[in-house]
$ cat input_26.cif   # mmCIF, C-alpha atoms and all ligand atoms; chains and numbers go by the auth columns
data_model
#
loop_
_atom_site.group_PDB
_atom_site.id
_atom_site.type_symbol
_atom_site.label_atom_id
_atom_site.label_comp_id
_atom_site.label_asym_id
_atom_site.label_seq_id
_atom_site.Cartn_x
_atom_site.Cartn_y
_atom_site.Cartn_z
_atom_site.B_iso_or_equiv
_atom_site.auth_seq_id
_atom_site.auth_asym_id
ATOM 1 C CA MET A 1 4.677 13.063 34.089 0.00 53 A
ATOM 2 C CA VAL A 2 2.572 10.112 33.057 0.00 54 A
ATOM 3 C CA GLU A 3 2.151 7.082 35.269 0.00 55 A
ATOM 4 C CA LEU A 4 0.684 3.849 33.941 0.00 56 A
ATOM 5 C CA ILE A 5 -0.964 1.349 36.234 0.00 57 A
ATOM 6 C CA LYS A 6 -1.642 -1.981 34.571 0.00 58 A
ATOM 7 C CA ILE A 7 -4.196 -4.421 35.918 0.00 59 A
ATOM 8 C CA ILE A 8 -3.642 -7.500 33.787 0.00 60 A
ATOM 9 C CA SER A 9 -6.579 -9.876 33.901 0.00 61 A
ATOM 10 C CA LYS A 10 -6.055 -13.549 34.641 0.00 62 A
ATOM 11 C CA THR A 11 -9.630 -14.391 33.613 0.00 63 A
ATOM 12 C CA PHE A 12 -11.855 -13.644 30.634 0.00 64 A
ATOM 13 C CA ASP A 13 -12.207 -10.093 31.936 0.00 65 A
ATOM 14 C CA SER A 14 -10.417 -7.371 30.025 0.00 66 A
ATOM 15 C CA ASN A 15 -7.260 -5.724 31.268 0.00 67 A
ATOM 16 C CA CYS A 16 -7.772 -2.346 32.934 0.00 68 A
ATOM 17 C CA TYR A 17 -5.340 0.540 32.823 0.00 69 A
ATOM 18 C CA VAL A 18 -5.065 3.690 34.895 0.00 70 A
ATOM 19 C CA ILE A 19 -3.319 6.565 33.132 0.00 71 A
ATOM 20 C CA GLN A 20 -2.387 9.202 35.605 0.00 72 A
ATOM 21 C CA ASP A 21 -1.171 12.740 34.939 0.00 73 A
ATOM 22 C CA LYS A 22 -2.828 15.871 36.377 0.00 74 A
ATOM 23 C CA LYS A 23 -6.065 14.112 35.481 0.00 75 A
ATOM 24 C CA ILE A 24 -6.664 10.396 35.837 0.00 76 A
ATOM 25 C CA ALA A 25 -8.333 8.102 33.319 0.00 77 A
ATOM 26 C CA LEU A 26 -9.402 4.509 33.886 0.00 78 A
ATOM 27 C CA ILE A 27 -9.431 2.521 30.657 0.00 79 A
ATOM 28 C CA ASP A 28 -11.968 -0.356 30.666 0.00 80 A
ATOM 29 C CA THR A 29 -13.473 -1.981 33.728 0.00 81 A
ATOM 30 C CA GLY A 30 -13.756 -5.715 32.981 0.00 82 A
ATOM 31 C CA SER A 31 -17.068 -7.555 32.988 0.00 83 A
ATOM 32 C CA GLY A 32 -17.969 -6.500 36.510 0.00 84 A
ATOM 33 C CA LEU A 33 -18.852 -10.069 37.451 0.00 85 A
ATOM 34 C CA SER A 34 -16.103 -10.061 40.026 0.00 86 A
ATOM 35 C CA SER A 35 -16.752 -6.893 41.972 0.00 87 A
ATOM 36 C CA ASP A 36 -13.199 -6.814 43.299 0.00 88 A
ATOM 37 C CA ILE A 37 -12.127 -4.644 40.342 0.00 89 A
ATOM 38 C CA VAL A 38 -12.932 -1.626 42.530 0.00 90 A
ATOM 39 C CA GLU A 39 -10.819 -3.088 45.331 0.00 91 A
ATOM 40 C CA GLN A 40 -7.968 -3.940 42.995 0.00 92 A
ATOM 41 C CA ILE A 41 -7.859 -0.434 41.598 0.00 93 A
ATOM 42 C CA SER A 42 -8.282 1.246 44.970 0.00 94 A
ATOM 43 C CA THR A 43 -5.081 -0.385 46.200 0.00 95 A
ATOM 44 C CA ARG A 44 -3.262 1.559 43.470 0.00 96 A
ATOM 45 C CA VAL A 45 -5.127 4.861 43.221 0.00 97 A
ATOM 46 C CA ASP A 46 -7.786 6.764 45.203 0.00 98 A
ATOM 47 C CA ILE A 47 -10.921 6.091 43.166 0.00 99 A
ATOM 48 C CA ASN A 48 -12.365 9.464 44.134 0.00 100 A
ATOM 49 C CA THR A 49 -9.579 11.098 42.134 0.00 101 A
ATOM 50 C CA ILE A 50 -10.420 9.300 38.860 0.00 102 A
ATOM 51 C CA ASP A 51 -11.776 11.845 36.366 0.00 103 A
ATOM 52 C CA MET A 52 -13.090 9.559 33.666 0.00 104 A
ATOM 53 C CA ILE A 53 -13.653 6.017 32.471 0.00 105 A
ATOM 54 C CA ILE A 54 -12.827 5.468 28.817 0.00 106 A
ATOM 55 C CA ASN A 55 -14.148 2.258 27.253 0.00 107 A
ATOM 56 C CA THR A 56 -12.212 0.940 24.264 0.00 108 A
ATOM 57 C CA HIS A 57 -15.421 -0.639 22.929 0.00 109 A
ATOM 58 C CA GLY A 58 -18.851 -1.833 23.895 0.00 110 A
ATOM 59 C CA HIS A 59 -18.301 -5.509 24.710 0.00 111 A
ATOM 60 C CA ALA A 60 -19.486 -6.745 28.098 0.00 112 A
ATOM 61 C CA ASP A 61 -16.034 -7.922 29.211 0.00 113 A
ATOM 62 C CA HIS A 62 -14.668 -4.369 28.790 0.00 114 A
ATOM 63 C CA CYS A 63 -17.437 -2.108 30.048 0.00 115 A
ATOM 64 C CA GLY A 64 -19.620 -4.364 32.207 0.00 116 A
ATOM 65 C CA GLY A 65 -17.714 -3.224 35.288 0.00 117 A
ATOM 66 C CA ASN A 66 -18.506 0.478 34.775 0.00 118 A
ATOM 67 C CA GLY A 67 -21.516 0.182 37.061 0.00 119 A
ATOM 68 C CA HIS A 68 -19.321 -0.675 40.054 0.00 120 A
ATOM 69 C CA PHE A 69 -17.898 2.841 39.777 0.00 121 A
ATOM 70 C CA SER A 70 -21.216 4.663 39.441 0.00 122 A
ATOM 71 C CA ARG A 71 -21.280 5.700 43.099 0.00 123 A
ATOM 72 C CA PHE A 72 -18.089 7.682 42.488 0.00 124 A
ATOM 73 C CA ASN A 73 -19.750 9.849 39.810 0.00 125 A
ATOM 74 C CA ILE A 74 -17.083 9.262 37.186 0.00 126 A
ATOM 75 C CA LYS A 75 -18.088 10.241 33.660 0.00 127 A
ATOM 76 C CA CYS A 76 -17.922 7.586 30.987 0.00 128 A
ATOM 77 C CA LEU A 77 -16.511 8.145 27.505 0.00 129 A
ATOM 78 C CA ALA A 78 -16.938 5.771 24.556 0.00 130 A
ATOM 79 C CA HIS A 79 -17.056 6.009 20.783 0.00 131 A
ATOM 80 C CA LYS A 80 -20.413 7.165 19.430 0.00 132 A
ATOM 81 C CA ASN A 81 -20.853 4.047 17.277 0.00 133 A
ATOM 82 C CA ASP A 82 -20.950 1.716 20.313 0.00 134 A
ATOM 83 C CA VAL A 83 -23.164 3.855 22.548 0.00 135 A
ATOM 84 C CA ALA A 84 -26.474 2.239 21.531 0.00 136 A
ATOM 85 C CA GLU A 85 -25.221 -1.312 22.242 0.00 137 A
ATOM 86 C CA MET A 86 -23.835 -0.207 25.622 0.00 138 A
ATOM 87 C CA GLU A 87 -26.935 1.673 26.654 0.00 139 A
ATOM 88 C CA SER A 88 -29.204 -1.197 25.610 0.00 140 A
ATOM 89 C CA GLY A 89 -27.124 -3.753 27.529 0.00 141 A
ATOM 90 C CA ARG A 90 -26.826 -5.939 24.407 0.00 142 A
ATOM 91 C CA PHE A 91 -23.097 -5.361 23.895 0.00 143 A
ATOM 92 C CA TYR A 92 -23.229 -6.942 20.426 0.00 144 A
ATOM 93 C CA GLY A 93 -24.464 -10.224 21.838 0.00 145 A
ATOM 94 C CA THR A 94 -21.687 -10.527 24.417 0.00 146 A
ATOM 95 C CA SER A 95 -24.206 -9.866 27.209 0.00 147 A
ATOM 96 C CA SER A 96 -25.274 -13.505 26.913 0.00 148 A
ATOM 97 C CA MET A 97 -21.695 -14.769 26.409 0.00 149 A
ATOM 98 C CA PHE A 98 -20.643 -13.180 29.691 0.00 150 A
ATOM 99 C CA GLY A 99 -23.968 -13.273 31.529 0.00 151 A
ATOM 100 C CA ARG A 100 -23.811 -9.528 31.940 0.00 152 A
ATOM 101 C CA ASN A 101 -26.621 -7.402 30.541 0.00 153 A
ATOM 102 C CA ILE A 102 -26.715 -4.308 32.724 0.00 154 A
ATOM 103 C CA PRO A 103 -27.000 -1.191 30.535 0.00 155 A
ATOM 104 C CA ILE A 104 -24.055 1.202 30.678 0.00 156 A
ATOM 105 C CA ARG A 105 -24.629 4.953 30.545 0.00 157 A
ATOM 106 C CA VAL A 106 -22.277 6.890 28.283 0.00 158 A
ATOM 107 C CA ASP A 107 -21.786 10.573 29.175 0.00 159 A
ATOM 108 C CA VAL A 108 -19.468 11.648 26.368 0.00 160 A
ATOM 109 C CA ALA A 109 -19.616 10.190 22.847 0.00 161 A
ATOM 110 C CA LEU A 110 -16.164 10.185 21.276 0.00 162 A
ATOM 111 C CA GLN A 111 -15.109 10.208 17.658 0.00 163 A
ATOM 112 C CA GLY A 112 -11.834 9.627 15.855 0.00 164 A
ATOM 113 C CA GLY A 113 -9.436 12.550 16.179 0.00 165 A
ATOM 114 C CA ASP A 114 -10.674 13.625 19.595 0.00 166 A
ATOM 115 C CA LYS A 115 -7.888 14.454 22.013 0.00 167 A
ATOM 116 C CA ILE A 116 -8.276 13.705 25.704 0.00 168 A
ATOM 117 C CA ASP A 117 -5.888 15.957 27.594 0.00 169 A
ATOM 118 C CA LEU A 118 -4.917 14.631 31.003 0.00 170 A
ATOM 119 C CA GLY A 119 -2.680 17.649 31.628 0.00 171 A
ATOM 120 C CA GLY A 120 0.417 17.045 29.522 0.00 172 A
ATOM 121 C CA THR A 121 -0.418 13.492 28.599 0.00 173 A
ATOM 122 C CA VAL A 122 -2.722 13.592 25.590 0.00 174 A
ATOM 123 C CA LEU A 123 -4.674 10.507 24.524 0.00 175 A
ATOM 124 C CA GLU A 124 -5.562 10.713 20.861 0.00 176 A
ATOM 125 C CA VAL A 125 -8.683 8.769 19.911 0.00 177 A
ATOM 126 C CA ILE A 126 -7.950 6.573 16.895 0.00 178 A
ATOM 127 C CA HIS A 127 -11.181 5.124 15.520 0.00 179 A
ATOM 128 C CA THR A 128 -10.399 1.495 14.676 0.00 180 A
ATOM 129 C CA PRO A 129 -13.633 -0.294 13.684 0.00 181 A
ATOM 130 C CA GLY A 130 -13.456 -3.985 12.803 0.00 182 A
ATOM 131 C CA HIS A 131 -13.830 -5.658 16.195 0.00 183 A
ATOM 132 C CA THR A 132 -16.888 -3.486 16.841 0.00 184 A
ATOM 133 C CA PRO A 133 -18.073 -0.404 14.900 0.00 185 A
ATOM 134 C CA GLY A 134 -17.037 1.870 17.758 0.00 186 A
ATOM 135 C CA SER A 135 -13.714 0.308 18.747 0.00 187 A
ATOM 136 C CA ILE A 136 -11.035 2.851 19.564 0.00 188 A
ATOM 137 C CA CYS A 137 -7.343 2.844 20.354 0.00 189 A
ATOM 138 C CA LEU A 138 -5.795 5.545 22.526 0.00 190 A
ATOM 139 C CA TYR A 139 -2.468 6.862 21.286 0.00 191 A
ATOM 140 C CA GLU A 140 0.016 8.912 23.264 0.00 192 A
ATOM 141 C CA ARG A 141 2.339 10.233 20.614 0.00 193 A
ATOM 142 C CA ASP A 142 5.107 11.695 22.804 0.00 194 A
ATOM 143 C CA ALA A 143 5.315 8.841 25.278 0.00 195 A
ATOM 144 C CA GLY A 144 4.938 6.337 22.424 0.00 196 A
ATOM 145 C CA PHE A 145 2.293 4.013 23.778 0.00 197 A
ATOM 146 C CA LEU A 146 -0.951 2.643 22.403 0.00 198 A
ATOM 147 C CA VAL A 147 -3.927 1.272 24.326 0.00 199 A
ATOM 148 C CA SER A 148 -5.390 -1.065 21.721 0.00 200 A
ATOM 149 C CA GLY A 149 -8.522 -2.644 23.231 0.00 201 A
ATOM 150 C CA ASP A 150 -9.373 -5.787 21.269 0.00 202 A
ATOM 151 C CA THR A 151 -8.105 -4.486 17.940 0.00 203 A
ATOM 152 C CA LEU A 152 -4.412 -5.395 18.283 0.00 204 A
ATOM 153 C CA PHE A 153 -2.633 -7.905 20.530 0.00 205 A
ATOM 154 C CA SER A 154 0.980 -8.936 20.942 0.00 206 A
ATOM 155 C CA GLY A 155 2.558 -11.297 18.438 0.00 207 A
ATOM 156 C CA GLY A 156 0.676 -9.740 15.526 0.00 208 A
ATOM 157 C CA ASN A 157 -2.673 -11.053 16.707 0.00 209 A
ATOM 158 C CA PHE A 158 -5.852 -9.081 16.223 0.00 210 A
ATOM 159 C CA GLY A 159 -9.406 -9.174 17.529 0.00 211 A
ATOM 160 C CA ARG A 160 -12.360 -11.272 16.417 0.00 212 A
ATOM 161 C CA THR A 161 -14.598 -9.799 13.765 0.00 213 A
ATOM 162 C CA ASP A 162 -17.650 -12.001 14.382 0.00 214 A
ATOM 163 C CA ILE A 163 -19.210 -10.261 17.403 0.00 215 A
ATOM 164 C CA GLY A 164 -20.343 -7.010 15.882 0.00 216 A
ATOM 165 C CA GLY A 165 -17.284 -6.523 13.707 0.00 217 A
ATOM 166 C CA ASN A 166 -16.293 -6.333 10.078 0.00 218 A
ATOM 167 C CA GLU A 167 -13.298 -7.934 8.364 0.00 219 A
ATOM 168 C CA LEU A 168 -12.543 -5.197 5.844 0.00 220 A
ATOM 169 C CA GLU A 169 -12.727 -2.527 8.511 0.00 221 A
ATOM 170 C CA MET A 170 -10.331 -4.561 10.675 0.00 222 A
ATOM 171 C CA VAL A 171 -7.771 -4.639 7.861 0.00 223 A
ATOM 172 C CA SER A 172 -8.026 -0.849 7.350 0.00 224 A
ATOM 173 C CA SER A 173 -7.790 -0.190 11.082 0.00 225 A
ATOM 174 C CA LEU A 174 -4.668 -2.334 11.431 0.00 226 A
ATOM 175 C CA GLU A 175 -3.147 -0.459 8.516 0.00 227 A
ATOM 176 C CA ILE A 176 -3.698 2.803 10.411 0.00 228 A
ATOM 177 C CA LEU A 177 -2.055 1.348 13.530 0.00 229 A
ATOM 178 C CA SER A 178 0.881 -0.006 11.524 0.00 230 A
ATOM 179 C CA ASN A 179 1.712 3.583 10.543 0.00 231 A
ATOM 180 C CA LEU A 180 1.802 4.908 14.106 0.00 232 A
ATOM 181 C CA ASP A 181 5.123 5.301 15.842 0.00 233 A
ATOM 182 C CA PHE A 182 4.867 3.562 19.224 0.00 234 A
ATOM 183 C CA ASP A 183 6.729 1.003 21.279 0.00 235 A
ATOM 184 C CA LEU A 184 4.595 0.080 24.283 0.00 236 A
ATOM 185 C CA LEU A 185 1.415 -1.831 23.465 0.00 237 A
ATOM 186 C CA LEU A 186 -1.295 -2.050 26.127 0.00 238 A
ATOM 187 C CA PRO A 187 -3.854 -4.530 24.771 0.00 239 A
ATOM 188 C CA GLY A 188 -7.299 -5.426 26.102 0.00 240 A
ATOM 189 C CA HIS A 189 -6.219 -8.971 26.927 0.00 241 A
ATOM 190 C CA THR A 190 -2.869 -10.691 27.534 0.00 242 A
ATOM 191 C CA ASN A 191 0.324 -8.967 28.548 0.00 243 A
ATOM 192 C CA VAL A 192 1.706 -5.521 27.919 0.00 244 A
ATOM 193 C CA VAL A 193 4.590 -5.728 25.452 0.00 245 A
ATOM 194 C CA THR A 194 7.161 -3.558 23.716 0.00 246 A
ATOM 195 C CA ASN A 195 7.748 -3.512 19.935 0.00 247 A
ATOM 196 C CA GLY A 196 4.136 -2.442 19.453 0.00 248 A
ATOM 197 C CA GLN A 197 4.539 -0.994 15.980 0.00 249 A
ATOM 198 C CA LYS A 198 6.244 -4.171 14.800 0.00 250 A
ATOM 199 C CA PHE A 199 3.250 -6.183 16.018 0.00 251 A
ATOM 200 C CA ALA A 200 0.862 -3.766 14.302 0.00 252 A
ATOM 201 C CA LYS A 201 2.683 -4.263 11.009 0.00 253 A
ATOM 202 C CA MET A 202 2.571 -8.056 11.468 0.00 254 A
ATOM 203 C CA ALA A 203 -1.138 -7.942 12.310 0.00 255 A
ATOM 204 C CA PHE A 204 -1.877 -5.834 9.253 0.00 256 A
ATOM 205 C CA ARG A 205 -0.012 -8.314 7.054 0.00 257 A
ATOM 206 C CA TYR A 206 -1.804 -11.326 8.561 0.00 258 A
ATOM 207 C CA ALA A 207 -5.204 -9.660 8.448 0.00 259 A
ATOM 208 C CA LYS A 208 -4.745 -8.661 4.816 0.00 260 A
ATOM 209 C CA GLU A 209 -3.820 -12.217 3.969 0.00 261 A
ATOM 210 C CA PHE A 210 -6.551 -13.993 5.934 0.00 262 A
ATOM 211 C CA LEU A 211 -9.446 -11.559 5.923 0.00 263 A
ATOM 212 C CA ASP A 212 -9.097 -9.582 2.727 0.00 264 A
ATOM 213 C CA GLU A 213 -8.366 -12.359 0.254 0.00 265 A
ATOM 214 C CA ASP A 214 -11.620 -12.101 -1.663 0.00 266 A
HETATM 215 ZN ZN ZN B . -14.154 -7.161 22.607 0.00 1 B
#

$ encode --input "input_26.cif" --output "structure tokens" --more "lines below"
Ligand SMILES: [Zn+2]
Amino acid sequence: MVELIKIISKTFDSNCYVIQDKKIALIDTGSGLSSDIVEQISTRVDINTIDMIINTHGHADHCGGNGHFSRFNIKCLAHKNDVAEMESGRFYGTSSMFGRNIPIRVDVALQGGDKIDLGGTVLEVIHTPGHTPGSICLYERDAGFLVSGDTLFSGGNFGRTDIGGNELEMVSSLEILSNLDFDLLLPGHTNVVTNGQKFAKMAFRYAKEFLDED
């Protein structure tokens, strides 16, 4: 039985999610500039029981906090296309935006179609480039939720394409999301909402109109 723990950021840090079944995954870790992310999570789950950190993409506000968990020996998973920017500490230029340039080690390079089995709960890796080349969404088909990183937000909003991204890829990625059947949307910033697929369809429409017009 899946349990979702949502740590919704009130700052520029990303949201963090803990997805708990027989195995436990932590999705994104914030910038790491406020070290209390470890404290915040440890009030909800024993950090020693976390099996993996999955980063939705290689921007500093999503993976900069990974280092705070290094003493717990948790393996880190991220899409192969963002590994170089994470391991260099450049984070597509967001290292200077956030004042965070500590390299992040990636243990497992993911690709689209990979399935991360937490013991019943299966997170399907959907490769959604556009915000960064290695942006991913994590889709749980049976439970009907999508962790969308900075690709899709509520209200039909979508992520910036000017910090390592690509407009045409964003449009294609939103089209993929608009065809997934899901209700609960867990975005990288702002609140968790229902009607996720509706927002994906809106975002695809807007992105096609604004980004793909030439
Ligand atoms: Zn981002």

$ residues_around --input "input_26.cif" --residues "range 122-139 of chain A" --least-positions-apart "3" --cutoff "7 Å" --atoms "all atoms listed in the file" --output "ChimeraX atom specification"
/A:100,102-110,118-119,142-144,155-163,185-188

$ atom_distance --input "input_26.cif" --atom1 "CA of Leu175 in chain A" --atom2 "CA of Gly196 in chain A"
10.7 Å

$ resolve_selection --input "input_26.cif" --expression "the PyMOL selection byres (((chain A and resi 168-172) around 9) and not hetatm)" --output "JSON, numbers by chain"
{"A": [53, 54, 71, 72, 73, 74, 75, 76, 77, 166, 167, 173, 174, 175, 176, 177]}

$ resolve_selection --input "input_26.cif" --expression "the PyMOL selection byres (((chain A and resi 243-246) around 10) and not hetatm)" --output "list in words"
Lys58, Ile59, Ile60, Ser61, Lys62, Asn67, Phe197, Val199, Phe205, Ser206, Gly207, Phe234, Asp235, Leu236, Leu237, Leu238, Pro239, Gly240, His241, Thr242, Asn247, Gly248, Gln249, Lys250 and Phe251 of chain A

$ closest_atom_pairs --input "input_26.cif" --of "chain A" --to "ligand ZN 1 (chain B)" --cutoff "7 Å" --atoms "only C-alpha atoms and all ligand atoms" --output "Markdown table"
| residue | atom | partner | partner_atom | distance |
| --- | --- | --- | --- | --- |
| A:His109 | CA | B:ZN1 | ZN | 6.7 |
| A:His111 | CA | B:ZN1 | ZN | 4.9 |
| A:Asp113 | CA | B:ZN1 | ZN | 6.9 |
| A:His114 | CA | B:ZN1 | ZN | 6.8 |
| A:His183 | CA | B:ZN1 | ZN | 6.6 |
| A:Asp202 | CA | B:ZN1 | ZN | 5.2 |

$ atom_distance --input "input_26.cif" --atom1 "CA of Thr213 in chain A" --atom2 "CA of Arg193 in chain A"
27.1 Å

$ atom_distance --input "input_26.cif" --atom1 "CA of Phe150 in chain A" --atom2 "CA of Gly216 in chain A"
15.1 Å

$ closest_residue --input "input_26.cif" --among "A:Thr184, A:Ser200, A:Asn218, A:Ser230" --to "Ile79 in chain A" --atoms "all atoms listed in the file"
A:Ser200

$ closest_residue --input "input_26.cif" --among "A:His179, A:Arg96, A:His120, A:Arg152" --to "Tyr191 in chain A" --atoms "all atoms listed in the file"
A:His179
